file data08.cif (mmCIF, C-alpha atoms and all ligand atoms)
data_query
loop_
_atom_site.label_atom_id
_atom_site.label_comp_id
_atom_site.auth_asym_id
_atom_site.auth_seq_id
_atom_site.Cartn_x
_atom_site.Cartn_y
_atom_site.Cartn_z
CA MET J 40 280.27 102.47 -91.15
CA THR J 41 278.22 105.59 -90.41
CA SER J 42 278.74 106.99 -86.94
CA PHE J 43 275.93 107.90 -84.58
CA SER J 44 277.06 111.54 -84.46
CA SER J 45 276.63 111.86 -88.23
CA PHE J 46 272.86 111.86 -87.66
CA PRO J 47 272.34 115.14 -85.77
CA LEU J 48 268.54 114.86 -85.94
CA GLN J 49 268.50 111.39 -84.40
CA ARG J 50 270.93 112.55 -81.76
CA CYS J 51 268.71 115.55 -80.88
CA VAL J 52 265.62 113.32 -80.66
CA LEU J 53 267.39 110.93 -78.33
CA VAL J 54 268.71 113.73 -76.13
CA ALA J 55 265.24 115.35 -76.02
CA ALA J 56 263.59 112.03 -75.12
CA ALA J 57 266.13 111.51 -72.37
CA LEU J 58 265.57 115.00 -71.00
CA LEU J 59 261.82 114.41 -70.87
CA CYS J 60 262.37 111.37 -68.66
CA HIS J 61 264.31 113.00 -65.87
CA GLY J 62 266.03 110.33 -63.79
CA THR J 63 266.73 108.14 -66.77
CA THR J 64 268.62 111.04 -68.39
CA ALA J 65 271.82 110.40 -66.62
CA LEU J 66 271.39 106.64 -66.82
CA SER J 67 271.02 106.65 -70.57
CA LEU J 68 273.69 109.19 -71.49
CA LEU J 69 276.05 109.12 -68.54
CA GLY J 70 277.22 105.95 -66.92
CA ARG J 71 279.91 104.11 -65.06
CA LYS J 72 282.57 105.07 -67.58
CA SER J 73 281.76 108.80 -67.70
CA THR J 74 284.50 111.10 -66.43
CA ALA J 75 284.05 114.35 -64.52
CA ASN J 76 284.86 116.32 -67.69
CA GLN J 77 282.34 114.35 -69.74
CA VAL J 78 279.65 115.04 -67.13
CA LEU J 79 280.46 118.75 -67.26
CA ALA J 80 280.37 118.74 -71.08
CA TYR J 81 277.05 116.87 -71.04
CA LEU J 82 275.50 119.37 -68.62
CA GLN J 83 276.84 122.33 -70.63
CA GLN J 84 275.70 120.99 -74.01
CA ASN J 85 272.21 120.13 -72.77
CA ASP J 86 271.58 123.33 -70.81
CA GLN J 87 271.46 121.28 -67.61
CA LEU J 88 273.82 123.32 -65.45
CA ALA J 89 272.44 124.75 -62.22
CA PRO J 90 271.82 128.52 -62.55
CA PHE J 91 274.51 129.39 -59.98
CA VAL J 92 277.21 128.11 -62.37
CA SER J 93 276.70 130.86 -64.96
CA GLN J 94 276.46 133.37 -62.11
CA GLY J 95 280.04 132.53 -61.08
CA GLY J 96 278.88 130.74 -57.94
CA THR J 97 281.04 129.46 -55.12
CA ALA J 98 281.70 125.86 -54.12
CA VAL J 99 283.44 124.68 -50.96
CA ILE J 100 284.97 121.20 -51.00
CA THR J 101 286.72 119.24 -48.26
CA GLY J 102 289.66 117.02 -49.16
CA GLY J 103 289.99 118.91 -52.43
CA ASN J 104 293.75 118.33 -52.62
CA SER J 105 293.71 114.60 -53.43
CA GLY J 106 291.98 111.80 -55.36
CA ILE J 107 288.32 112.29 -56.25
CA GLY J 108 288.29 115.70 -54.56
CA ALA J 109 291.12 117.07 -56.73
CA GLU J 110 289.40 115.86 -59.92
CA THR J 111 286.15 117.42 -58.73
CA VAL J 112 287.95 120.74 -58.14
CA LYS J 113 289.32 120.69 -61.71
CA ALA J 114 285.82 120.23 -63.17
CA LEU J 115 284.28 122.87 -60.89
CA VAL J 116 286.92 125.39 -61.91
CA ALA J 117 286.45 124.46 -65.58
CA SER J 118 282.72 125.15 -65.20
CA GLY J 119 283.47 128.74 -64.14
CA MET J 120 282.78 128.29 -60.42
CA ASN J 121 284.92 129.80 -57.67
CA VAL J 122 286.24 127.03 -55.45
CA VAL J 123 287.35 126.98 -51.85
CA VAL J 124 289.61 123.95 -51.42
CA CYS J 125 289.63 122.85 -47.79
CA ALA J 126 292.68 120.75 -46.99
CA ARG J 127 294.92 119.82 -44.11
CA ASN J 128 297.84 119.43 -46.53
CA ILE J 129 298.34 122.97 -47.79
CA ASP J 130 301.40 122.05 -49.90
CA SER J 131 299.47 119.54 -52.01
CA ALA J 132 296.52 121.97 -52.29
CA ASN J 133 298.94 124.62 -53.60
CA GLN J 134 300.39 122.07 -56.01
CA LEU J 135 296.90 121.37 -57.38
CA LYS J 136 296.30 125.11 -57.73
CA ASP J 137 299.56 125.48 -59.68
CA GLU J 138 298.53 122.67 -62.03
CA LEU J 139 295.43 124.63 -63.04
CA GLY J 140 295.89 127.12 -65.88
CA THR J 141 296.90 130.67 -65.00
CA ALA J 142 293.53 131.87 -66.34
CA THR J 143 291.60 129.82 -63.82
CA LYS J 144 293.74 129.38 -60.73
CA ASP J 145 292.71 132.80 -59.42
CA ARG J 146 289.29 131.30 -58.80
CA VAL J 147 290.75 128.79 -56.34
CA GLU J 148 291.22 129.65 -52.69
CA ILE J 149 292.79 127.35 -50.13
CA GLU J 150 291.56 127.02 -46.58
CA TYR J 151 293.26 124.99 -43.84
CA LEU J 152 290.89 122.39 -42.39
CA ASP J 153 291.53 119.41 -40.17
CA LEU J 154 288.23 117.58 -39.80
CA SER J 155 289.58 115.57 -36.89
CA SER J 156 289.66 118.74 -34.78
CA LEU J 157 286.36 120.52 -34.11
CA ALA J 158 288.26 123.73 -33.28
CA SER J 159 289.82 123.59 -36.75
CA VAL J 160 286.37 123.07 -38.32
CA GLN J 161 285.09 126.08 -36.38
CA GLU J 162 288.05 128.25 -37.50
CA ALA J 163 287.78 127.19 -41.14
CA ALA J 164 284.02 127.86 -41.21
CA ALA J 165 284.49 131.30 -39.63
CA SER J 166 287.20 132.17 -42.13
CA ILE J 167 285.12 131.00 -45.13
CA CYS J 168 282.06 132.93 -43.89
CA SER J 169 284.12 136.09 -43.41
CA LYS J 170 285.39 135.93 -47.01
CA HIS J 171 282.23 134.85 -48.84
CA ASP J 172 278.80 136.46 -48.87
CA GLY J 173 277.25 133.32 -50.26
CA ILE J 174 278.05 129.66 -50.87
CA ASP J 175 276.21 127.69 -53.55
CA VAL J 176 277.64 124.21 -53.11
CA LEU J 177 279.25 122.44 -50.18
CA ILE J 178 280.88 119.10 -51.08
CA ASN J 179 281.74 117.05 -48.01
CA ASN J 180 284.27 114.81 -49.73
CA ALA J 181 287.21 114.23 -47.36
CA GLY J 182 287.56 110.85 -45.74
CA ILE J 183 289.74 108.22 -44.15
CA MET J 184 289.17 104.48 -44.47
CA ALA J 185 289.67 101.34 -42.43
CA LEU J 186 292.18 102.45 -39.77
CA PRO J 187 293.64 99.18 -38.41
CA GLN J 188 293.21 100.14 -34.73
CA ARG J 189 290.55 102.23 -33.01
CA GLU J 190 291.87 105.80 -32.80
CA THR J 191 290.22 109.01 -31.68
CA THR J 192 290.12 112.60 -32.91
CA THR J 193 291.50 115.56 -30.96
CA ASP J 194 288.08 115.73 -29.28
CA GLY J 195 288.05 112.05 -28.30
CA ILE J 196 285.60 110.83 -30.97
CA GLU J 197 286.25 107.55 -32.85
CA LYS J 198 288.39 108.78 -35.74
CA GLN J 199 286.55 107.50 -38.84
CA PHE J 200 283.15 108.56 -37.48
CA GLY J 201 284.67 111.82 -36.19
CA THR J 202 286.44 112.76 -39.44
CA ASN J 203 284.03 111.40 -42.05
CA HIS J 204 280.80 112.33 -40.30
CA VAL J 205 281.00 114.57 -37.19
CA GLY J 206 283.49 117.07 -38.70
CA HIS J 207 281.30 117.35 -41.81
CA HIS J 208 278.08 117.62 -39.80
CA TYR J 209 279.59 120.51 -37.85
CA LEU J 210 281.07 122.20 -40.94
CA THR J 211 277.71 121.97 -42.72
CA ARG J 212 275.79 123.40 -39.77
CA LEU J 213 278.23 126.33 -39.55
CA LEU J 214 278.18 127.07 -43.30
CA LEU J 215 274.43 126.62 -43.86
CA PRO J 216 273.55 130.16 -42.76
CA GLN J 217 275.86 131.41 -45.51
CA MET J 218 274.39 129.22 -48.26
CA ARG J 219 272.49 130.81 -51.11
CA ASN J 220 268.99 129.99 -52.26
CA LYS J 221 268.94 126.89 -54.53
CA GLY J 222 272.30 125.79 -53.20
CA ARG J 223 273.09 122.24 -52.24
CA VAL J 224 275.04 120.05 -49.87
CA VAL J 225 276.72 117.02 -51.49
CA ASN J 226 278.01 114.26 -49.21
CA VAL J 227 280.44 111.68 -50.60
CA ALA J 228 279.31 108.41 -49.00
CA SER J 229 280.04 104.86 -50.19
CA THR J 230 278.48 101.50 -50.90
CA ALA J 231 280.52 100.46 -47.84
CA HIS J 232 277.64 101.94 -45.82
CA ASN J 233 276.26 98.40 -45.98
CA PHE J 234 278.92 97.33 -43.44
CA GLY J 235 277.83 99.98 -40.92
CA LEU J 236 276.11 99.38 -37.53
CA SER J 237 274.96 95.93 -36.57
CA ALA J 238 271.20 95.47 -36.25
CA GLY J 239 269.62 97.03 -33.17
CA ASN J 240 272.91 98.48 -31.98
CA GLU J 241 273.55 102.21 -32.30
CA ASP J 242 277.23 102.03 -31.40
CA TRP J 243 278.12 104.99 -33.64
CA GLU J 244 281.67 105.27 -32.28
CA SER J 245 282.49 101.53 -32.21
CA LYS J 246 282.98 101.68 -28.44
CA GLU J 247 281.79 98.12 -27.77
CA SER J 248 283.68 96.47 -30.61
CA TYR J 249 285.92 97.88 -33.32
CA THR J 250 286.64 96.55 -36.78
CA PRO J 251 288.37 98.73 -39.42
CA TRP J 252 285.67 98.19 -42.06
CA GLY J 253 282.78 98.20 -39.58
CA ALA J 254 283.77 101.67 -38.33
CA TYR J 255 284.30 102.92 -41.90
CA GLY J 256 280.89 101.50 -42.85
CA THR J 257 279.25 103.26 -39.92
CA SER J 258 280.86 106.57 -40.92
CA LYS J 259 279.65 106.18 -44.52
CA LEU J 260 276.18 105.06 -43.38
CA SER J 261 276.22 108.24 -41.29
CA ASN J 262 276.89 110.31 -44.45
CA ILE J 263 273.65 108.99 -45.97
CA LEU J 264 271.59 109.24 -42.76
CA PHE J 265 272.87 112.82 -42.35
CA THR J 266 271.90 113.69 -45.95
CA LYS J 267 268.36 112.45 -45.43
CA GLN J 268 267.88 114.02 -42.01
CA LEU J 269 269.35 117.33 -43.24
CA LYS J 270 266.70 117.37 -45.96
CA LYS J 271 264.02 116.93 -43.26
CA GLU J 272 265.56 119.60 -41.02
CA LEU J 273 265.60 122.06 -43.93
CA VAL J 274 262.03 121.18 -44.87
CA SER J 275 260.95 121.90 -41.30
CA VAL J 276 262.45 125.41 -41.38
CA ASN J 277 262.00 126.53 -44.98
CA GLN J 278 259.78 124.01 -46.78
CA GLY J 279 262.94 122.45 -48.22
CA LYS J 280 262.79 124.62 -51.33
CA MET J 281 266.02 126.46 -50.77
CA ILE J 282 268.83 123.99 -50.29
CA ASP J 283 269.04 120.41 -51.59
CA SER J 284 270.86 117.68 -49.72
CA VAL J 285 272.23 114.71 -51.70
CA CYS J 286 274.83 111.99 -51.29
CA LEU J 287 276.61 109.53 -53.53
CA HIS J 288 278.81 106.50 -54.04
CA PRO J 289 281.73 107.48 -56.31
CA GLY J 290 282.73 103.92 -57.36
CA VAL J 291 285.80 101.96 -56.33
CA ILE J 292 288.90 103.98 -57.16
CA ALA J 293 292.61 103.34 -56.59
CA SER J 294 293.32 106.50 -54.56
CA PRO J 295 295.47 107.20 -51.47
CA LEU J 296 292.35 106.38 -49.41
CA TRP J 297 293.41 102.73 -49.42
CA LYS J 298 296.72 103.33 -47.64
CA HIS J 299 295.51 101.99 -44.27
CA SER J 300 293.39 99.11 -45.50
CA LEU J 301 296.13 96.95 -47.05
CA PRO J 302 299.86 96.51 -46.31
CA SER J 303 302.07 98.35 -48.82
CA PHE J 304 303.11 95.18 -50.69
CA MET J 305 299.41 94.46 -51.37
CA GLN J 306 298.54 97.98 -52.56
CA PRO J 307 298.78 96.98 -56.27
CA LEU J 308 295.72 94.75 -55.61
CA VAL J 309 293.61 97.89 -55.28
CA GLY J 310 294.07 98.42 -59.02
CA LEU J 311 292.44 95.01 -59.57
CA ILE J 312 289.32 95.73 -57.54
CA ALA J 313 288.95 99.33 -58.72
CA ASN J 314 286.09 99.77 -61.19
CA LYS J 315 286.78 103.41 -62.04
CA SER J 316 289.68 105.76 -62.73
CA VAL J 317 289.98 108.85 -60.50
CA GLU J 318 288.50 110.96 -63.33
CA GLN J 319 285.50 108.61 -63.48
CA GLY J 320 285.30 108.57 -59.67
CA ALA J 321 284.66 112.32 -59.61
CA ALA J 322 281.85 112.13 -62.19
CA THR J 323 278.92 111.65 -59.80
CA SER J 324 280.22 114.36 -57.43
CA VAL J 325 280.34 116.78 -60.38
CA TYR J 326 276.87 115.72 -61.52
CA CYS J 327 275.40 116.19 -58.04
CA ALA J 328 277.16 119.54 -57.55
CA LEU J 329 276.39 121.14 -60.91
CA SER J 330 273.31 119.52 -62.42
CA ARG J 331 270.25 121.76 -62.67
CA HIS J 332 268.06 119.01 -61.20
CA VAL J 333 268.92 116.75 -58.28
CA GLU J 334 266.53 114.67 -56.22
CA ASP J 335 266.54 116.15 -52.73
CA GLY J 336 267.62 113.56 -50.13
CA ALA J 337 268.69 111.00 -52.75
CA TYR J 338 271.73 108.71 -52.88
CA TYR J 339 273.39 108.74 -56.32
CA ASP J 340 275.55 106.19 -58.11
CA ASP J 341 276.80 106.63 -61.69
CA CYS J 342 275.01 110.00 -61.86
CA SER J 343 271.57 108.54 -61.09
CA PRO J 344 269.54 108.16 -57.89
CA VAL J 345 269.57 104.62 -56.47
CA GLU J 346 268.23 103.07 -53.26
CA PRO J 347 270.71 102.73 -50.41
CA SER J 348 270.37 99.97 -47.76
CA GLN J 349 267.28 99.66 -45.54
CA LYS J 350 269.36 100.94 -42.62
CA ALA J 351 270.18 104.12 -44.55
CA GLN J 352 266.47 104.64 -45.21
CA SER J 353 265.46 104.28 -41.56
CA ASP J 354 263.80 107.48 -40.27
CA GLN J 355 264.53 106.32 -36.73
CA LEU J 356 268.30 106.00 -37.43
CA GLN J 357 268.36 109.33 -39.29
CA GLU J 358 266.86 111.12 -36.29
CA ALA J 359 268.95 109.17 -33.77
CA LEU J 360 272.22 110.04 -35.54
CA TRP J 361 271.26 113.73 -35.83
CA MET J 362 270.48 113.90 -32.11
CA TYR J 363 273.59 111.93 -31.13
CA THR J 364 275.85 114.22 -33.20
CA GLU J 365 274.30 117.50 -32.06
CA GLN J 366 274.51 116.36 -28.44
CA LEU J 367 278.13 115.24 -28.92
CA LEU J 368 279.08 118.64 -30.35
CA THR J 369 277.40 120.42 -27.45
CA GLU J 370 279.08 118.13 -24.89
CA LYS J 371 282.46 118.89 -26.48
CA GLY J 372 281.74 122.61 -26.01
CA PHE J 373 280.99 123.59 -29.62
CA GLU J 374 278.03 125.86 -30.24
CA LEU J 375 275.62 125.27 -33.09
CA PRO J 376 273.43 127.79 -34.88
CA SER J 377 269.77 127.05 -34.12
CA SER J 378 267.57 125.79 -36.95
CA SER J 379 265.76 129.12 -37.11
CA VAL J 380 269.12 130.89 -37.61
CA VAL J 381 269.63 128.70 -40.69
CA ALA J 382 266.29 129.73 -42.16
CA GLU J 383 266.61 133.44 -41.40
CA ASN J 384 270.09 133.67 -42.82
CA VAL J 385 269.28 131.63 -45.92
CA ALA J 386 266.57 134.16 -46.65
CA ALA J 387 268.83 137.09 -45.77
CA VAL J 388 271.66 136.08 -48.09
CA ASN J 389 269.36 136.07 -51.11
N1 LIG W 401 288.44 105.59 -53.38
C1 LIG W 401 287.38 104.81 -53.27
O1 LIG W 401 287.38 103.66 -53.72
C2 LIG W 401 286.13 105.32 -52.59
C3 LIG W 401 284.99 104.50 -52.58
C4 LIG W 401 283.84 104.95 -51.96
C5 LIG W 401 283.85 106.18 -51.34
N2 LIG W 401 284.96 106.95 -51.34
C6 LIG W 401 284.94 108.24 -50.63
O2 LIG W 401 285.43 109.25 -51.48
C7 LIG W 401 285.96 110.32 -50.70
C8 LIG W 401 287.29 110.77 -51.28
O3 LIG W 401 288.19 109.70 -51.21
P1 LIG W 401 289.43 109.51 -52.23
O4 LIG W 401 289.29 108.16 -52.80
O5 LIG W 401 289.55 110.66 -53.12
O6 LIG W 401 290.63 109.43 -51.18
P2 LIG W 401 291.90 110.37 -50.94
O7 LIG W 401 292.61 110.63 -52.20
O8 LIG W 401 292.64 109.74 -49.81
O9 LIG W 401 291.23 111.72 -50.46
C9 LIG W 401 290.73 111.88 -49.17
C10 LIG W 401 290.85 113.33 -48.80
O10 LIG W 401 290.38 113.52 -47.46
C11 LIG W 401 291.34 114.28 -46.78
N3 LIG W 401 291.32 114.08 -45.34
C12 LIG W 401 291.49 112.95 -44.64
N4 LIG W 401 291.46 113.19 -43.32
C13 LIG W 401 291.25 114.54 -43.19
C14 LIG W 401 291.14 115.40 -42.09
N5 LIG W 401 291.26 114.97 -40.82
N6 LIG W 401 290.92 116.71 -42.32
C15 LIG W 401 290.83 117.18 -43.57
N7 LIG W 401 290.94 116.40 -44.66
C16 LIG W 401 291.16 115.10 -44.46
C17 LIG W 401 292.67 113.83 -47.36
O11 LIG W 401 293.69 114.75 -47.01
P3 LIG W 401 295.24 114.32 -47.04
O12 LIG W 401 295.65 114.43 -48.46
O13 LIG W 401 295.89 115.34 -46.16
O14 LIG W 401 295.32 112.92 -46.49
C18 LIG W 401 292.31 113.84 -48.83
O15 LIG W 401 292.34 115.13 -49.34
C19 LIG W 401 286.03 109.80 -49.25
O16 LIG W 401 284.96 110.34 -48.52
C20 LIG W 401 285.83 108.30 -49.42
O17 LIG W 401 285.22 107.71 -48.29
C21 LIG W 401 286.11 106.56 -51.97
#
call {"tool": "encode", "arguments": {"input": "data08.cif", "output": "structure tokens", "more": "lines below"}}
Ligand SMILES: NC(=O)c1ccc[n+]([C@@H]2O[C@H](COP(=O)([O-])OP(=O)(O)OC[C@H]3O[C@@H](n4cnc5c(N)ncnc54)[C@H](OP(=O)(O)O)[C@@H]3O)[C@@H](O)[C@H]2O)c1
result
Amino acid sequence: MTSFSSFPLQRCVLVAAALLCHGTTALSLLGRKSTANQVLAYLQQNDQLAPFVSQGGTAVITGGNSGIGAETVKALVASGMNVVVCARNIDSANQLKDELGTATKDRVEIEYLDLSSLASVQEAAASICSKHDGIDVLINNAGIMALPQRETTTDGIEKQFGTNHVGHHYLTRLLLPQMRNKGRVVNVASTAHNFGLSAGNEDWESKESYTPWGAYGTSKLSNILFTKQLKKELVSVNQGKMIDSVCLHPGVIASPLWKHSLPSFMQPLVGLIANKSVEQGAATSVYCALSRHVEDGAYYDDCSPVEPSQKAQSDQLQEALWMYTEQLLTEKGFELPSSSVVAENVAAVN
């Protein structure tokens, strides 16, 4: 039987047709089974890499020592980017660095970051800003899931909301002034955002009632609301042309994330519900981080924009969460750059 690849002309026509219909490109050529490496190869072969990649740009990723984050780091490094791996487990971050080839591991830097401590976020951001003149991509990937009991961060914030959302909101606000023109913020959310917040109740920190999945859902809903509000905030200060804000669902992946959600004897069940390998789970993060074109404010799944829940699309919730978070940070004694500082510095870096 003749293979598809033996017809180069037909292949070129199909690729060209797909490129003309942006949005269906990824759907038609990349899909649920694509791995992070395949996404990178696709972007390289079709001249679809963002310009900062060939310029040896810099990416910062949280939770880059494990699971989807570690696979994303490998693809970013393979693309030629410099990568700052933010991790609270420095040993496993060093282990990942050692696994990379000697030719590339020099482009990986490790930064201590505990997202459940706002002081740690502040220190990590200051350290990153002091070492880097410009950041092209920030991937807010770290997360915890379904803690059995309500716990709080060092600053007294419900732990899933505090780690998955507030820590990332603060980190983003502190790094934005250092981000380069045409950079982007990528937030790793989840389809579990559907479980977040009951109707008409903005109990962001699950103070009135706590369920493990409800609080996780609220933190992941917050990732999407934050993405969309960040787009609006950037539009209001710089017409939104300079930095894109996107989020994504990576798929269901058997990673250490599941350690709290099931007792250890039931952990093998995760393999049954998983619909992607870890390499496939990192594919949409890599697409969103490195693709020349992304849809500002969009929620991606399988490398294509899709509609999140109605709640995630609510302008009122997007604004309410932004205000709640900024007020919380101020109440806890952590200063934020003003919006105008973001705009001035974005312009200054470029
Ligand atoms: N796996 C899935 O099925 C799935 C589905 C939808 C969405 N997601 C999302 O994908 C992202 C990555 O998850 P994963 O599956 O790759 O899980 P993972 O392997 O457990 O990775 C999570 C990462 O977050 C880090 N982290 C947790 N708490 C932190 C803190 N306080 N400060 C700094 N880092 C912290 C972890 O560090 P340690 O190694 O020190 O614990 C780890 O590096 C998460 O945002 C998750 O919500 C995953």
call {"tool": "closest_residue", "arguments": {"input": "data08.cif", "among": "J:Thr202, J:Asn240, J:Thr266, J:Thr369", "to": "J:Ile183", "atoms": "all atoms listed in the file"}}
result
J:Thr202
call {"tool": "residues_around", "arguments": {"input": "data08.cif", "residues": "J:His299", "least_positions_apart": "2", "cutoff": "7 Å", "atoms": "all atoms listed in the file", "output": "ChimeraX atom specification"}}
result
/J:184-187,297,301
call {"tool": "closest_atom_pairs", "arguments": {"input": "data08.cif", "of": "chain J", "to": "ligand LIG 401 (chain W)", "cutoff": "7 Å", "atoms": "all atoms listed in the file", "output": "JSON lines"}}
result
{"residue": "J:Thr101", "atom": "CA", "partner": "W:LIG401", "partner_atom": "N7", "distance": 6.2}
{"residue": "J:Gly102", "atom": "CA", "partner": "W:LIG401", "partner_atom": "O15", "distance": 3.3}
{"residue": "J:Gly103", "atom": "CA", "partner": "W:LIG401", "partner_atom": "O15", "distance": 5.4}
{"residue": "J:Asn104", "atom": "CA", "partner": "W:LIG401", "partner_atom": "O15", "distance": 4.8}
{"residue": "J:Ser105", "atom": "CA", "partner": "W:LIG401", "partner_atom": "O7", "distance": 4.3}
{"residue": "J:Gly106", "atom": "CA", "partner": "W:LIG401", "partner_atom": "O7", "distance": 3.4}
{"residue": "J:Ile107", "atom": "CA", "partner": "W:LIG401", "partner_atom": "O5", "distance": 3.7}
{"residue": "J:Gly108", "atom": "CA", "partner": "W:LIG401", "partner_atom": "O5", "distance": 5.4}
{"residue": "J:Ala126", "atom": "CA", "partner": "W:LIG401", "partner_atom": "N7", "distance": 5.2}
{"residue": "J:Arg127", "atom": "CA", "partner": "W:LIG401", "partner_atom": "C15", "distance": 4.9}
{"residue": "J:Asn128", "atom": "CA", "partner": "W:LIG401", "partner_atom": "O13", "distance": 4.5}
{"residue": "J:Leu152", "atom": "CA", "partner": "W:LIG401", "partner_atom": "C15", "distance": 5.3}
{"residue": "J:Asp153", "atom": "CA", "partner": "W:LIG401", "partner_atom": "N6", "distance": 3.5}
{"residue": "J:Leu154", "atom": "CA", "partner": "W:LIG401", "partner_atom": "N6", "distance": 3.8}
{"residue": "J:Ser155", "atom": "CA", "partner": "W:LIG401", "partner_atom": "N5", "distance": 4.3}
{"residue": "J:Asn180", "atom": "CA", "partner": "W:LIG401", "partner_atom": "O16", "distance": 4.7}
{"residue": "J:Ala181", "atom": "CA", "partner": "W:LIG401", "partner_atom": "O10", "distance": 3.3}
{"residue": "J:Gly182", "atom": "CA", "partner": "W:LIG401", "partner_atom": "O16", "distance": 3.8}
{"residue": "J:Ile183", "atom": "CA", "partner": "W:LIG401", "partner_atom": "C12", "distance": 5.1}
{"residue": "J:Met184", "atom": "CA", "partner": "W:LIG401", "partner_atom": "O17", "distance": 6.4}
{"residue": "J:Thr202", "atom": "CA", "partner": "W:LIG401", "partner_atom": "N5", "distance": 5.5}
{"residue": "J:Asn203", "atom": "CA", "partner": "W:LIG401", "partner_atom": "O16", "distance": 6.6}
{"residue": "J:Val227", "atom": "CA", "partner": "W:LIG401", "partner_atom": "O16", "distance": 5.2}
{"residue": "J:Ala228", "atom": "CA", "partner": "W:LIG401", "partner_atom": "C5", "distance": 5.6}
{"residue": "J:Ser229", "atom": "CA", "partner": "W:LIG401", "partner_atom": "C4", "distance": 4.2}
{"residue": "J:Thr230", "atom": "CA", "partner": "W:LIG401", "partner_atom": "C4", "distance": 6.5}
{"residue": "J:Ala231", "atom": "CA", "partner": "W:LIG401", "partner_atom": "C4", "distance": 6.9}
{"residue": "J:Lys259", "atom": "CA", "partner": "W:LIG401", "partner_atom": "O17", "distance": 6.9}
{"residue": "J:His288", "atom": "CA", "partner": "W:LIG401", "partner_atom": "C4", "distance": 5.7}
{"residue": "J:Pro289", "atom": "CA", "partner": "W:LIG401", "partner_atom": "C4", "distance": 5.5}
{"residue": "J:Gly290", "atom": "CA", "partner": "W:LIG401", "partner_atom": "C3", "distance": 5.3}
{"residue": "J:Val291", "atom": "CA", "partner": "W:LIG401", "partner_atom": "O1", "distance": 3.5}
{"residue": "J:Ile292", "atom": "CA", "partner": "W:LIG401", "partner_atom": "O1", "distance": 3.8}
{"residue": "J:Ala293", "atom": "CA", "partner": "W:LIG401", "partner_atom": "N1", "distance": 5.7}
{"residue": "J:Ser294", "atom": "CA", "partner": "W:LIG401", "partner_atom": "O4", "distance": 4.7}
{"residue": "J:Pro295", "atom": "CA", "partner": "W:LIG401", "partner_atom": "O8", "distance": 4.1}
{"residue": "J:Leu296", "atom": "CA", "partner": "W:LIG401", "partner_atom": "O8", "distance": 3.4}
{"residue": "J:Trp297", "atom": "CA", "partner": "W:LIG401", "partner_atom": "N1", "distance": 7.0}
{"residue": "J:Ala313", "atom": "CA", "partner": "W:LIG401", "partner_atom": "O1", "distance": 6.8}
call {"tool": "residues_around", "arguments": {"input": "data08.cif", "residues": "stretch 166-174 of chain J", "least_positions_apart": "4", "cutoff": "7 Å", "atoms": "all atoms listed in the file", "output": "ChimeraX atom specification"}}
result
/J:97-98,162,217-219,388
call {"tool": "closest_residue", "arguments": {"input": "data08.cif", "among": "J:Ala254, J:His204, J:Tyr338, J:Leu329", "to": "J:Ser93", "atoms": "all atoms listed in the file"}}
result
J:Leu329
call {"tool": "atom_distance", "arguments": {"input": "data08.cif", "atom1": "atom CA of J:Thr257", "atom2": "atom CA of J:Val317"}}
result
23.9 Å
call {"tool": "closest_residue", "arguments": {"input": "data08.cif", "among": "J:Val99, J:Leu287, J:Ile178, J:Val124", "to": "J:Gly320", "atoms": "all atoms listed in the file"}}
result
J:Leu287
call {"tool": "closest_residue", "arguments": {"input": "data08.cif", "among": "J:Lys72, J:Lys350, J:Lys113, J:Arg189", "to": "J:Leu260", "atoms": "all atoms listed in the file"}}
result
J:Lys350
call {"tool": "closest_residue", "arguments": {"input": "data08.cif", "among": "J:Asn226, J:Ser261, J:Ser284, J:Thr192", "to": "J:Lys371", "atoms": "all atoms listed in the file"}}
result
J:Thr192
call {"tool": "closest_residue", "arguments": {"input": "data08.cif", "among": "J:Val92, J:Leu69, J:Leu356, J:Leu213", "to": "J:Arg331", "atoms": "only C-alpha atoms"}}
result
J:Val92
call {"tool": "residues_around", "arguments": {"input": "data08.cif", "residues": "J:Ala359", "least_positions_apart": "2", "cutoff": "12 Å", "atoms": "only C-alpha atoms", "output": "count of residues only"}}
result
20
call {"tool": "atom_distance", "arguments": {"input": "data08.cif", "atom1": "atom CA of J:Gln161", "atom2": "atom CA of J:Lys267"}}
result
23.4 Å
call {"tool": "atom_distance", "arguments": {"input": "data08.cif", "atom1": "atom CA of J:Pro376", "atom2": "atom CA of J:Lys271"}}
result
16.6 Å
